[in-house]
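One structure is given here, and the rest of the page talks about it.
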Amino acid sequence: MDYYQHGRVSFASNFFCTLWNWWEYSSNIVLLYPMAWTSIERHFIIFHHKLMSTRRKRFFFHLLPLFIGSVYPLIFYFGAIVLNPCKKQWDYDEVFCLLPCYVTDQPSVATFNFIGNIMFPTFVITIANVYLILRVLRQKRNHHVKWRRQRKLTKQLVSIAILYIIFWFPMAINGLIMTFMSSSILLYIQVNYFFFLLNMIPIILPFISMNYLTGFMNALNHRQNRTIIPAL
């Protein structure tokens, strides 16, 4: 936000820009990968609940994937941005100091990052949740699942998934186009708009989660409906 106020990076140094990019890229993917696994995990909880029946199974099918999905981006971008020997040419007049050097100097790393860290989890979220909706509707019709018990969990996950899709898909599609067509306009849009829109996810996410907390919403509605009678 400080950049948008002054139009220039406040701490114009190689160290700051490197650290800023590492944190920005890592934190975005740290949110994306666990969401992708959660989209898959919901199928286990609803349709294959025995996979979560023991502590050992919960470790392998819940805790371990989330841990890997949270730690992997930090390690990957630390190597790709901080430890990378490519020459860093930061532009202190651009948001994020423009782009890490691997994006322009190392096409193989850039392609792996785009496909593996952006496209893959984004499509997993999309496909898993679309399939979840279809699967739940089919099972509901056949009465193979206790719909009332799972409805709130399913609606919550799908709502969160839609949030991710709305903000990640434009950047993913724009990045896909950029891999086949070099364009300064698309690059400008990617860096100045689509990257910025990702910051809306952690801002909106708590409101979606609170909307499905029955106790919280009931308490909030009760508080709003209370009538205050002044003492005479």
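We name chains A, B, ... following the order of the structure tokens; residues begin at 1 in each chain, and ligands are numbered from 1 as shown.
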
### Polymer residues at most 12 Å from stretch 151-153 of chain A, only C-alpha atoms, same-chain spacing of 4 or more positions, as a PyMOL selection string
chain A and resi 38-39+41-43+45-46+132-133+136-137+140+145-147+157-160+209+211-214

Produce a file of the selected residues containing C-alpha atoms, as a PDB file, in the first residue's frame.
ATOM      1  CA  THR A  38      -9.008 -29.002   1.100  1.00  0.00           C
ATOM      2  CA  SER A  39     -11.122 -29.206  -2.050  1.00  0.00           C
ATOM      3  CA  GLU A  41     -10.220 -33.613   1.183  1.00  0.00           C
ATOM      4  CA  ARG A  42     -13.897 -32.658   1.281  1.00  0.00           C
ATOM      5  CA  HIS A  43     -14.597 -35.648  -0.974  1.00  0.00           C
ATOM      6  CA  ILE A  45     -14.927 -36.415   4.492  1.00  0.00           C
ATOM      7  CA  ILE A  46     -18.293 -36.739   2.775  1.00  0.00           C
ATOM      8  CA  LEU A 132     -18.188 -32.104  -5.511  1.00  0.00           C
ATOM      9  CA  ILE A 133     -21.391 -30.227  -6.336  1.00  0.00           C
ATOM     10  CA  VAL A 136     -23.434 -34.321  -3.752  1.00  0.00           C
ATOM     11  CA  LEU A 137     -26.503 -33.633  -5.877  1.00  0.00           C
ATOM     12  CA  LYS A 140     -28.589 -36.555  -2.346  1.00  0.00           C
ATOM     13  CA  VAL A 145     -25.316 -39.178   2.093  1.00  0.00           C
ATOM     14  CA  LYS A 146     -26.657 -37.323   5.109  1.00  0.00           C
ATOM     15  CA  TRP A 147     -27.171 -34.083   3.243  1.00  0.00           C
ATOM     16  CA  LEU A 157     -16.053 -24.838   0.861  1.00  0.00           C
ATOM     17  CA  VAL A 158     -17.688 -24.052  -2.471  1.00  0.00           C
ATOM     18  CA  SER A 159     -18.109 -20.397  -1.471  1.00  0.00           C
ATOM     19  CA  ILE A 160     -14.444 -20.152  -0.537  1.00  0.00           C
ATOM     20  CA  SER A 209     -16.211 -18.084   7.126  1.00  0.00           C
ATOM     21  CA  ASN A 211     -21.281 -16.332   7.549  1.00  0.00           C
ATOM     22  CA  TYR A 212     -21.296 -20.091   8.171  1.00  0.00           C
ATOM     23  CA  LEU A 213     -20.646 -19.895  11.912  1.00  0.00           C
ATOM     24  CA  THR A 214     -24.151 -20.470  13.218  1.00  0.00           C
TER      25      THR A 214
END

Report task. Could you tell me, as JSON, numbers by chain, which residues of stretch 143-196 of chain A DSSP assigns to alpha helix (DSSP H) when given the backbone? Result -> {"A": [147, 148, 149, 150, 151, 152, 153, 154, 155, 156, 157, 158, 159, 160, 161, 162, 163, 164, 165, 166, 167, 168, 169, 170, 171, 172, 173, 174, 175, 176, 177, 178, 179, 180, 184, 185, 186, 187, 188, 189, 195, 196]}

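Closest approach to A:Ala161 among A:Ser26, A:Ser108, A:Thr126, A:Asn113: A:Thr126, based on only C-alpha atoms.
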
Sorted per-residue table, stretch 26-122 of chain A near stretch 167-174 of chain A, closest atoms and distance, 9 Å, only C-alpha atoms, as a Markdown table:
| residue | atom | partner | partner_atom | distance |
| --- | --- | --- | --- | --- |
| A:Leu32 | CA | A:Trp168 | CA | 8.9 |
| A:Phe114 | CA | A:Ala172 | CA | 7.9 |
| A:Ile118 | CA | A:Ala172 | CA | 6.5 |
| A:Met119 | CA | A:Ala172 | CA | 6.0 |
| A:Thr122 | CA | A:Trp168 | CA | 6.9 |

Name the residues in contact with A:Val103 at a cut-off of 10 Å, using only C-alpha atoms, excluding same-chain residues fewer than 4 positions from it; report them as a PDB file with C-alpha atoms, in the first residue's frame.
ATOM      1  CA  ALA A  80      14.033 -19.335  -6.898  1.00  0.00           C
ATOM      2  CA  ILE A  81      14.250 -15.747  -5.644  1.00  0.00           C
ATOM      3  CA  LEU A  99       9.690  -9.226 -11.407  1.00  0.00           C
ATOM      4  CA  PRO A 107      12.262 -19.966 -18.745  1.00  0.00           C
ATOM      5  CA  SER A 108      12.291 -23.502 -17.350  1.00  0.00           C
ATOM      6  CA  VAL A 109      11.927 -22.291 -13.759  1.00  0.00           C
ATOM      7  CA  ALA A 110       9.311 -19.740 -14.789  1.00  0.00           C
ATOM      8  CA  THR A 111       7.314 -22.366 -16.688  1.00  0.00           C
ATOM      9  CA  ASN A 113       6.364 -22.121 -11.395  1.00  0.00           C
ATOM     10  CA  PHE A 114       3.461 -21.071 -13.573  1.00  0.00           C
TER      11      PHE A 114
END

### Query
Interatomic distance between atom CA of A:His49 and atom CA of A:Ser70?
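Result for atom CA of A:His49 versus atom CA of A:Ser70: 23.9 Å, one decimal.
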
Would you mind telling me which residue in A:Thr179, A:Asn21, A:Thr154, A:Asn192 lies nearest to A:Phe112 when using only C-alpha atoms?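 Of A:Thr179, A:Asn21, A:Thr154, A:Asn192, the one nearest A:Phe112, counting only C-alpha atoms, is A:Thr179.
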
Atom CA of A:Pro121 to atom CA of A:Met52, distance in Å rounded to a single decimal
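The value is 22.6 Å.
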
Spatial neighbours of stretch 86-92 of chain A, 7 Å, only C-alpha atoms, chain gap at least 2 places, as a PyMOL selection string: chain A and resi 8-9+12+84+94+97-98+100-102

For those residues, write C-alpha atoms to a file as a PDB file, in the first residue's frame.
ATOM      1  CA  ARG A   8       8.063   4.212  -5.452  1.00  0.00           C
ATOM      2  CA  VAL A   9       9.445   1.459  -3.270  1.00  0.00           C
ATOM      3  CA  ALA A  12      14.949   0.933  -2.434  1.00  0.00           C
ATOM      4  CA  ASN A  84      19.006 -17.865  -7.338  1.00  0.00           C
ATOM      5  CA  GLU A  94       7.526  -0.486 -10.123  1.00  0.00           C
ATOM      6  CA  CYS A  97      10.249  -3.938  -7.872  1.00  0.00           C
ATOM      7  CA  LEU A  98       8.890  -5.485 -11.104  1.00  0.00           C
ATOM      8  CA  PRO A 100      12.204 -11.741 -10.024  1.00  0.00           C
ATOM      9  CA  CYS A 101      15.033 -12.474 -12.432  1.00  0.00           C
ATOM     10  CA  TYR A 102      14.061 -16.128 -12.940  1.00  0.00           C
TER      11      TYR A 102
END
